[in-house]
Amino acid sequence: MDWEQVTIIAQIVTGAATLAVAVFLASQLRVQHKDSERDFAFAFENRQQALTVSIFADESTRKLYWKALYDWDSLTPEELTSFRFLYEQFYLGSWTAWRLRRDGDNLDRFRHQWKRLLEQSGQRRFYEIYGRDILQRDQSLLNLAESVYQELEVEQNA
């Protein structure tokens with residue numbers, strides 16, 4: 001075997017090894033990306049849970065939340081602004097989970113979540129005034145929320 005053949009074989013082996021390393025590194029990047037998404041989602045869920053707990057731990061916030069859900073029309077402008085900033089966090093949490101596709105294409109958890117976010121008349125008024133605008137950034141999530149909203153409105157008016 002002459003040197004030219006040895007050089008060709010060495011280049012082929014080097015190319016194959018480089019390709020194997022590239023494939024391995026690409027798979028590691030995918031794993032790291034999934035891990036970072038999972039960590040982000042976990043941190044966000046913890047934040048959402050802390051928000052929920054804080055609503056019911058503070059008496060004035062709890063009363064505001066109750067008033068917004070059951071007596072929307074009596075909210076003062078100040079109360080409306082406070083409730084808006086509070087309740088938008090739930091929408092943003094749902095939107096984040098939706099973008100991450102935590103459940104793949106299974107919509108059951110999201111439908112249940114939106115039923116909870118829209119079950120009271122004040123929650124639906126919030127959706128009408130602010131929610132659709134928030135969700136318009138993702139038409140598929142808006143479509144899901146809108147279908148739940150329509151179902152609940154029909155039930156309410158039946």
# chains A, B, ... in the order shown; residues from 1 in each chain; ligands from 1

call {"tool": "residues_around", "arguments": {"residues": "segment 145-150 of chain A", "least_positions_apart": "2", "cutoff": "7 Å", "atoms": "only C-alpha atoms", "output": "PyMOL selection string"}}
result
chain A and resi 111+114-115+118+141-143+152-154

call {"tool": "write_last_selection", "arguments": {"atoms": "C-alpha atoms", "output": "PDB file, in the first residue's frame"}}
result
ATOM      1  CA  ARG A 111     -59.374  22.702  28.246  1.00  0.00           C
ATOM      2  CA  TRP A 114     -59.445  27.283  30.620  1.00  0.00           C
ATOM      3  CA  LYS A 115     -62.702  26.103  32.156  1.00  0.00           C
ATOM      4  CA  LEU A 118     -63.395  31.288  32.656  1.00  0.00           C
ATOM      5  CA  LEU A 141     -54.576  28.991  22.024  1.00  0.00           C
ATOM      6  CA  LEU A 142     -57.099  31.756  21.374  1.00  0.00           C
ATOM      7  CA  ASN A 143     -59.261  29.262  19.459  1.00  0.00           C
ATOM      8  CA  LEU A 152     -69.580  28.374  29.321  1.00  0.00           C
ATOM      9  CA  GLU A 153     -71.608  31.295  27.988  1.00  0.00           C
ATOM     10  CA  VAL A 154     -74.171  28.863  26.536  1.00  0.00           C
TER      11      VAL A 154
END

call {"tool": "residues_around", "arguments": {"residues": "segment 51-61 of chain A", "least_positions_apart": "4", "cutoff": "12 Å", "atoms": "only C-alpha atoms", "output": "list in words"}}
result
Phe44, Glu45, Asn46, Arg47, Tyr65, Trp66, Lys67, Ala68, Glu79, Leu80, Ser82, Phe83, Phe85, Leu86, Tyr87, Glu88, Gln89, Phe90 and Gly93 of chain A

call {"tool": "atom_distance", "arguments": {"atom1": "atom CA of Gln113 of chain A", "atom2": "atom CA of Tyr91 of chain A"}}
result
10.2 Å

call {"tool": "closest_residue", "arguments": {"among": "A:Leu100, A:Gln123, A:Tyr130, A:Glu78", "to": "His33 of chain A", "atoms": "only C-alpha atoms"}}
result
A:Leu100

call {"tool": "closest_residue", "arguments": {"among": "A:Val13, A:Ala41, A:Leu19, A:Leu75", "to": "Arg99 of chain A", "atoms": "only C-alpha atoms"}}
result
A:Ala41

call {"tool": "select_by_dssp", "arguments": {"residues": "segment 38-142 of chain A", "states": "alpha helix (DSSP H)", "output": "ChimeraX atom specification"}}
result
/A:38-57,59-70,77-100,108-118,121-126,132-135,139-142

call {"tool": "residues_around", "arguments": {"residues": "Glu37 of chain A", "least_positions_apart": "2", "cutoff": "12 Å", "atoms": "only C-alpha atoms", "output": "NGL selection string"}}
result
:A and (30-35 or 39-44 or 96-97 or 99-102)

call {"tool": "write_last_selection", "arguments": {"atoms": "N, CA and C atoms", "output": "PDB file, in the first residue's frame"}}
result
ATOM      1  N   ARG A  30     -29.881  18.783  21.781  1.00  0.00           N
ATOM      2  CA  ARG A  30     -31.325  18.546  21.896  1.00  0.00           C
ATOM      3  C   ARG A  30     -31.695  18.176  23.328  1.00  0.00           C
ATOM      4  N   VAL A  31     -30.898  17.323  23.948  1.00  0.00           N
ATOM      5  CA  VAL A  31     -31.160  16.925  25.334  1.00  0.00           C
ATOM      6  C   VAL A  31     -31.073  18.138  26.251  1.00  0.00           C
ATOM      7  N   GLN A  32     -30.038  18.951  26.078  1.00  0.00           N
ATOM      8  CA  GLN A  32     -29.893  20.148  26.911  1.00  0.00           C
ATOM      9  C   GLN A  32     -31.046  21.118  26.697  1.00  0.00           C
ATOM     10  N   HIS A  33     -31.494  21.240  25.465  1.00  0.00           N
ATOM     11  CA  HIS A  33     -32.617  22.133  25.177  1.00  0.00           C
ATOM     12  C   HIS A  33     -33.878  21.646  25.885  1.00  0.00           C
ATOM     13  N   LYS A  34     -34.154  20.356  25.816  1.00  0.00           N
ATOM     14  CA  LYS A  34     -35.325  19.796  26.509  1.00  0.00           C
ATOM     15  C   LYS A  34     -35.198  19.998  28.017  1.00  0.00           C
ATOM     16  N   ASP A  35     -33.991  19.783  28.552  1.00  0.00           N
ATOM     17  CA  ASP A  35     -33.778  19.991  29.988  1.00  0.00           C
ATOM     18  C   ASP A  35     -34.040  21.443  30.384  1.00  0.00           C
ATOM     19  N   ASP A  39     -36.844  22.760  32.960  1.00  0.00           N
ATOM     20  CA  ASP A  39     -36.493  23.591  34.117  1.00  0.00           C
ATOM     21  C   ASP A  39     -37.268  24.904  34.107  1.00  0.00           C
ATOM     22  N   PHE A  40     -37.386  25.502  32.929  1.00  0.00           N
ATOM     23  CA  PHE A  40     -38.137  26.747  32.811  1.00  0.00           C
ATOM     24  C   PHE A  40     -39.600  26.525  33.173  1.00  0.00           C
ATOM     25  N   ALA A  41     -40.182  25.458  32.642  1.00  0.00           N
ATOM     26  CA  ALA A  41     -41.596  25.165  32.918  1.00  0.00           C
ATOM     27  C   ALA A  41     -41.811  24.899  34.404  1.00  0.00           C
ATOM     28  N   PHE A  42     -40.890  24.164  35.026  1.00  0.00           N
ATOM     29  CA  PHE A  42     -41.008  23.867  36.452  1.00  0.00           C
ATOM     30  C   PHE A  42     -40.944  25.159  37.268  1.00  0.00           C
ATOM     31  N   ALA A  43     -40.005  26.033  36.934  1.00  0.00           N
ATOM     32  CA  ALA A  43     -39.887  27.308  37.648  1.00  0.00           C
ATOM     33  C   ALA A  43     -41.138  28.157  37.436  1.00  0.00           C
ATOM     34  N   PHE A  44     -41.658  28.135  36.225  1.00  0.00           N
ATOM     35  CA  PHE A  44     -42.853  28.925  35.941  1.00  0.00           C
ATOM     36  C   PHE A  44     -44.059  28.373  36.691  1.00  0.00           C
ATOM     37  N   THR A  96     -47.456  30.212  28.264  1.00  0.00           N
ATOM     38  CA  THR A  96     -46.129  29.611  28.339  1.00  0.00           C
ATOM     39  C   THR A  96     -46.217  28.093  28.245  1.00  0.00           C
ATOM     40  N   ALA A  97     -47.114  27.494  28.998  1.00  0.00           N
ATOM     41  CA  ALA A  97     -47.285  26.034  28.931  1.00  0.00           C
ATOM     42  C   ALA A  97     -47.704  25.605  27.528  1.00  0.00           C
ATOM     43  N   ARG A  99     -46.996  27.148  24.670  1.00  0.00           N
ATOM     44  CA  ARG A  99     -45.851  27.269  23.762  1.00  0.00           C
ATOM     45  C   ARG A  99     -44.871  26.125  23.939  1.00  0.00           C
ATOM     46  N   LEU A 100     -44.716  25.650  25.170  1.00  0.00           N
ATOM     47  CA  LEU A 100     -43.790  24.553  25.429  1.00  0.00           C
ATOM     48  C   LEU A 100     -44.362  23.204  25.024  1.00  0.00           C
ATOM     49  N   ARG A 101     -45.664  23.152  24.742  1.00  0.00           N
ATOM     50  CA  ARG A 101     -46.338  21.911  24.344  1.00  0.00           C
ATOM     51  C   ARG A 101     -46.040  20.788  25.331  1.00  0.00           C
ATOM     52  N   ARG A 102     -46.221  21.104  26.600  1.00  0.00           N
ATOM     53  CA  ARG A 102     -45.917  20.152  27.654  1.00  0.00           C
ATOM     54  C   ARG A 102     -46.654  18.834  27.488  1.00  0.00           C
TER      55      ARG A 102
END

call {"tool": "decode", "arguments": {"residues": "segment 2-149 of chain A", "atoms": "C-alpha atoms", "output": "PDB file, in the first residue's frame"}}
result
ATOM      1  CA  ASP A   2       1.483   3.301  -1.015  1.00  0.00           C
ATOM      2  CA  TRP A   3       1.257   6.598   0.862  1.00  0.00           C
ATOM      3  CA  GLU A   4      -1.500   7.971  -1.334  1.00  0.00           C
ATOM      4  CA  GLN A   5      -3.845   5.120  -0.386  1.00  0.00           C
ATOM      5  CA  VAL A   6      -2.973   5.477   3.296  1.00  0.00           C
ATOM      6  CA  THR A   7      -3.738   9.214   3.087  1.00  0.00           C
ATOM      7  CA  ILE A   8      -7.117   8.564   1.437  1.00  0.00           C
ATOM      8  CA  ILE A   9      -8.064   5.970   4.072  1.00  0.00           C
ATOM      9  CA  ALA A  10      -6.952   8.320   6.877  1.00  0.00           C
ATOM     10  CA  GLN A  11      -9.088  11.132   5.441  1.00  0.00           C
ATOM     11  CA  ILE A  12     -12.118   8.842   5.190  1.00  0.00           C
ATOM     12  CA  VAL A  13     -11.662   7.661   8.792  1.00  0.00           C
ATOM     13  CA  THR A  14     -11.177  11.247   9.987  1.00  0.00           C
ATOM     14  CA  GLY A  15     -14.311  12.381   8.131  1.00  0.00           C
ATOM     15  CA  ALA A  16     -16.381   9.536   9.593  1.00  0.00           C
ATOM     16  CA  ALA A  17     -15.118  10.307  13.096  1.00  0.00           C
ATOM     17  CA  THR A  18     -15.926  14.010  12.636  1.00  0.00           C
ATOM     18  CA  LEU A  19     -19.436  13.124  11.468  1.00  0.00           C
ATOM     19  CA  ALA A  20     -19.943  10.839  14.483  1.00  0.00           C
ATOM     20  CA  VAL A  21     -18.819  13.597  16.864  1.00  0.00           C
ATOM     21  CA  ALA A  22     -21.133  16.107  15.150  1.00  0.00           C
ATOM     22  CA  VAL A  23     -24.119  13.748  15.462  1.00  0.00           C
ATOM     23  CA  PHE A  24     -23.306  13.133  19.125  1.00  0.00           C
ATOM     24  CA  LEU A  25     -23.000  16.864  19.874  1.00  0.00           C
ATOM     25  CA  ALA A  26     -26.262  17.618  18.066  1.00  0.00           C
ATOM     26  CA  SER A  27     -28.074  15.005  20.156  1.00  0.00           C
ATOM     27  CA  GLN A  28     -26.559  16.477  23.324  1.00  0.00           C
ATOM     28  CA  LEU A  29     -27.809  19.935  22.328  1.00  0.00           C
ATOM     29  CA  ARG A  30     -31.325  18.546  21.896  1.00  0.00           C
ATOM     30  CA  VAL A  31     -31.160  16.925  25.334  1.00  0.00           C
ATOM     31  CA  GLN A  32     -29.893  20.148  26.911  1.00  0.00           C
ATOM     32  CA  HIS A  33     -32.617  22.133  25.177  1.00  0.00           C
ATOM     33  CA  LYS A  34     -35.325  19.796  26.509  1.00  0.00           C
ATOM     34  CA  ASP A  35     -33.778  19.991  29.988  1.00  0.00           C
ATOM     35  CA  SER A  36     -33.770  23.788  29.913  1.00  0.00           C
ATOM     36  CA  GLU A  37     -37.406  23.839  28.734  1.00  0.00           C
ATOM     37  CA  ARG A  38     -38.372  21.484  31.553  1.00  0.00           C
ATOM     38  CA  ASP A  39     -36.493  23.591  34.117  1.00  0.00           C
ATOM     39  CA  PHE A  40     -38.137  26.747  32.811  1.00  0.00           C
ATOM     40  CA  ALA A  41     -41.596  25.165  32.918  1.00  0.00           C
ATOM     41  CA  PHE A  42     -41.008  23.867  36.452  1.00  0.00           C
ATOM     42  CA  ALA A  43     -39.887  27.308  37.648  1.00  0.00           C
ATOM     43  CA  PHE A  44     -42.853  28.925  35.941  1.00  0.00           C
ATOM     44  CA  GLU A  45     -45.292  26.446  37.507  1.00  0.00           C
ATOM     45  CA  ASN A  46     -43.795  27.184  40.916  1.00  0.00           C
ATOM     46  CA  ARG A  47     -44.307  30.879  40.255  1.00  0.00           C
ATOM     47  CA  GLN A  48     -47.932  30.270  39.251  1.00  0.00           C
ATOM     48  CA  GLN A  49     -48.542  28.246  42.404  1.00  0.00           C
ATOM     49  CA  ALA A  50     -46.962  30.979  44.508  1.00  0.00           C
ATOM     50  CA  LEU A  51     -49.250  33.507  42.817  1.00  0.00           C
ATOM     51  CA  THR A  52     -52.312  31.411  43.626  1.00  0.00           C
ATOM     52  CA  VAL A  53     -51.250  30.981  47.235  1.00  0.00           C
ATOM     53  CA  SER A  54     -50.536  34.698  47.563  1.00  0.00           C
ATOM     54  CA  ILE A  55     -54.044  35.568  46.366  1.00  0.00           C
ATOM     55  CA  PHE A  56     -55.635  33.612  49.163  1.00  0.00           C
ATOM     56  CA  ALA A  57     -53.011  34.400  51.794  1.00  0.00           C
ATOM     57  CA  ASP A  58     -53.648  38.147  51.652  1.00  0.00           C
ATOM     58  CA  GLU A  59     -57.144  39.173  52.743  1.00  0.00           C
ATOM     59  CA  SER A  60     -57.416  42.291  50.580  1.00  0.00           C
ATOM     60  CA  THR A  61     -56.235  40.429  47.473  1.00  0.00           C
ATOM     61  CA  ARG A  62     -58.582  37.555  48.232  1.00  0.00           C
ATOM     62  CA  LYS A  63     -61.511  39.977  48.536  1.00  0.00           C
ATOM     63  CA  LEU A  64     -60.536  41.719  45.307  1.00  0.00           C
ATOM     64  CA  TYR A  65     -60.309  38.373  43.518  1.00  0.00           C
ATOM     65  CA  TRP A  66     -63.718  37.303  44.853  1.00  0.00           C
ATOM     66  CA  LYS A  67     -65.303  40.631  43.900  1.00  0.00           C
ATOM     67  CA  ALA A  68     -63.873  40.475  40.382  1.00  0.00           C
ATOM     68  CA  LEU A  69     -65.190  36.948  39.842  1.00  0.00           C
ATOM     69  CA  TYR A  70     -68.677  37.460  41.246  1.00  0.00           C
ATOM     70  CA  ASP A  71     -69.390  41.206  41.068  1.00  0.00           C
ATOM     71  CA  TRP A  72     -67.359  42.482  38.117  1.00  0.00           C
ATOM     72  CA  ASP A  73     -69.466  45.559  37.451  1.00  0.00           C
ATOM     73  CA  SER A  74     -68.860  46.947  40.943  1.00  0.00           C
ATOM     74  CA  LEU A  75     -65.057  47.097  40.568  1.00  0.00           C
ATOM     75  CA  THR A  76     -63.550  50.558  40.921  1.00  0.00           C
ATOM     76  CA  PRO A  77     -60.957  51.616  38.322  1.00  0.00           C
ATOM     77  CA  GLU A  78     -58.214  50.975  40.883  1.00  0.00           C
ATOM     78  CA  GLU A  79     -59.554  47.502  41.666  1.00  0.00           C
ATOM     79  CA  LEU A  80     -59.928  46.726  37.985  1.00  0.00           C
ATOM     80  CA  THR A  81     -56.310  47.666  37.321  1.00  0.00           C
ATOM     81  CA  SER A  82     -55.091  45.588  40.267  1.00  0.00           C
ATOM     82  CA  PHE A  83     -57.129  42.581  39.198  1.00  0.00           C
ATOM     83  CA  ARG A  84     -56.007  42.961  35.602  1.00  0.00           C
ATOM     84  CA  PHE A  85     -52.321  42.788  36.459  1.00  0.00           C
ATOM     85  CA  LEU A  86     -52.957  39.887  38.810  1.00  0.00           C
ATOM     86  CA  TYR A  87     -55.112  37.835  36.447  1.00  0.00           C
ATOM     87  CA  GLU A  88     -52.929  38.433  33.396  1.00  0.00           C
ATOM     88  CA  GLN A  89     -50.319  36.275  35.118  1.00  0.00           C
ATOM     89  CA  PHE A  90     -52.602  33.248  34.819  1.00  0.00           C
ATOM     90  CA  TYR A  91     -53.030  33.910  31.105  1.00  0.00           C
ATOM     91  CA  LEU A  92     -49.291  34.250  30.635  1.00  0.00           C
ATOM     92  CA  GLY A  93     -48.753  31.009  32.523  1.00  0.00           C
ATOM     93  CA  SER A  94     -51.174  29.179  30.282  1.00  0.00           C
ATOM     94  CA  TRP A  95     -49.588  30.709  27.207  1.00  0.00           C
ATOM     95  CA  THR A  96     -46.129  29.611  28.339  1.00  0.00           C
ATOM     96  CA  ALA A  97     -47.285  26.034  28.931  1.00  0.00           C
ATOM     97  CA  TRP A  98     -49.005  26.080  25.544  1.00  0.00           C
ATOM     98  CA  ARG A  99     -45.851  27.269  23.762  1.00  0.00           C
ATOM     99  CA  LEU A 100     -43.790  24.553  25.429  1.00  0.00           C
ATOM    100  CA  ARG A 101     -46.338  21.911  24.344  1.00  0.00           C
ATOM    101  CA  ARG A 102     -45.917  20.152  27.654  1.00  0.00           C
ATOM    102  CA  ASP A 103     -48.671  17.670  26.804  1.00  0.00           C
ATOM    103  CA  GLY A 104     -47.918  17.365  23.109  1.00  0.00           C
ATOM    104  CA  ASP A 105     -51.169  17.555  21.179  1.00  0.00           C
ATOM    105  CA  ASN A 106     -53.353  16.468  24.106  1.00  0.00           C
ATOM    106  CA  LEU A 107     -55.649  19.397  24.860  1.00  0.00           C
ATOM    107  CA  ASP A 108     -57.456  17.912  27.887  1.00  0.00           C
ATOM    108  CA  ARG A 109     -55.341  19.697  30.509  1.00  0.00           C
ATOM    109  CA  PHE A 110     -55.605  23.003  28.674  1.00  0.00           C
ATOM    110  CA  ARG A 111     -59.374  22.702  28.246  1.00  0.00           C
ATOM    111  CA  HIS A 112     -59.711  21.992  31.973  1.00  0.00           C
ATOM    112  CA  GLN A 113     -57.440  24.914  32.816  1.00  0.00           C
ATOM    113  CA  TRP A 114     -59.445  27.283  30.620  1.00  0.00           C
ATOM    114  CA  LYS A 115     -62.702  26.103  32.156  1.00  0.00           C
ATOM    115  CA  ARG A 116     -61.252  27.107  35.517  1.00  0.00           C
ATOM    116  CA  LEU A 117     -59.998  30.446  34.157  1.00  0.00           C
ATOM    117  CA  LEU A 118     -63.395  31.288  32.656  1.00  0.00           C
ATOM    118  CA  GLU A 119     -65.931  29.590  34.925  1.00  0.00           C
ATOM    119  CA  GLN A 120     -67.266  32.701  36.714  1.00  0.00           C
ATOM    120  CA  SER A 121     -68.956  35.642  35.015  1.00  0.00           C
ATOM    121  CA  GLY A 122     -66.221  38.080  36.082  1.00  0.00           C
ATOM    122  CA  GLN A 123     -63.569  35.840  34.583  1.00  0.00           C
ATOM    123  CA  ARG A 124     -65.456  35.819  31.304  1.00  0.00           C
ATOM    124  CA  ARG A 125     -65.780  39.623  31.386  1.00  0.00           C
ATOM    125  CA  PHE A 126     -62.009  39.804  31.868  1.00  0.00           C
ATOM    126  CA  TYR A 127     -61.597  37.536  28.852  1.00  0.00           C
ATOM    127  CA  GLU A 128     -63.888  39.725  26.760  1.00  0.00           C
ATOM    128  CA  ILE A 129     -62.091  42.943  27.686  1.00  0.00           C
ATOM    129  CA  TYR A 130     -58.451  41.838  28.015  1.00  0.00           C
ATOM    130  CA  GLY A 131     -58.059  38.107  27.450  1.00  0.00           C
ATOM    131  CA  ARG A 132     -58.680  37.895  23.735  1.00  0.00           C
ATOM    132  CA  ASP A 133     -56.110  40.624  23.188  1.00  0.00           C
ATOM    133  CA  ILE A 134     -53.527  38.776  25.282  1.00  0.00           C
ATOM    134  CA  LEU A 135     -54.148  35.482  23.479  1.00  0.00           C
ATOM    135  CA  GLN A 136     -54.219  36.856  19.942  1.00  0.00           C
ATOM    136  CA  ARG A 137     -50.465  36.291  19.784  1.00  0.00           C
ATOM    137  CA  ASP A 138     -51.186  32.569  19.421  1.00  0.00           C
ATOM    138  CA  GLN A 139     -54.250  31.855  17.328  1.00  0.00           C
ATOM    139  CA  SER A 140     -54.458  28.170  18.304  1.00  0.00           C
ATOM    140  CA  LEU A 141     -54.576  28.991  22.024  1.00  0.00           C
ATOM    141  CA  LEU A 142     -57.099  31.756  21.374  1.00  0.00           C
ATOM    142  CA  ASN A 143     -59.261  29.262  19.459  1.00  0.00           C
ATOM    143  CA  LEU A 144     -59.179  26.825  22.390  1.00  0.00           C
ATOM    144  CA  ALA A 145     -59.998  29.521  24.953  1.00  0.00           C
ATOM    145  CA  GLU A 146     -62.739  30.890  22.719  1.00  0.00           C
ATOM    146  CA  SER A 147     -64.385  27.468  22.382  1.00  0.00           C
ATOM    147  CA  VAL A 148     -64.363  27.041  26.174  1.00  0.00           C
ATOM    148  CA  TYR A 149     -65.696  30.581  26.590  1.00  0.00           C
TER     149      TYR A 149
END
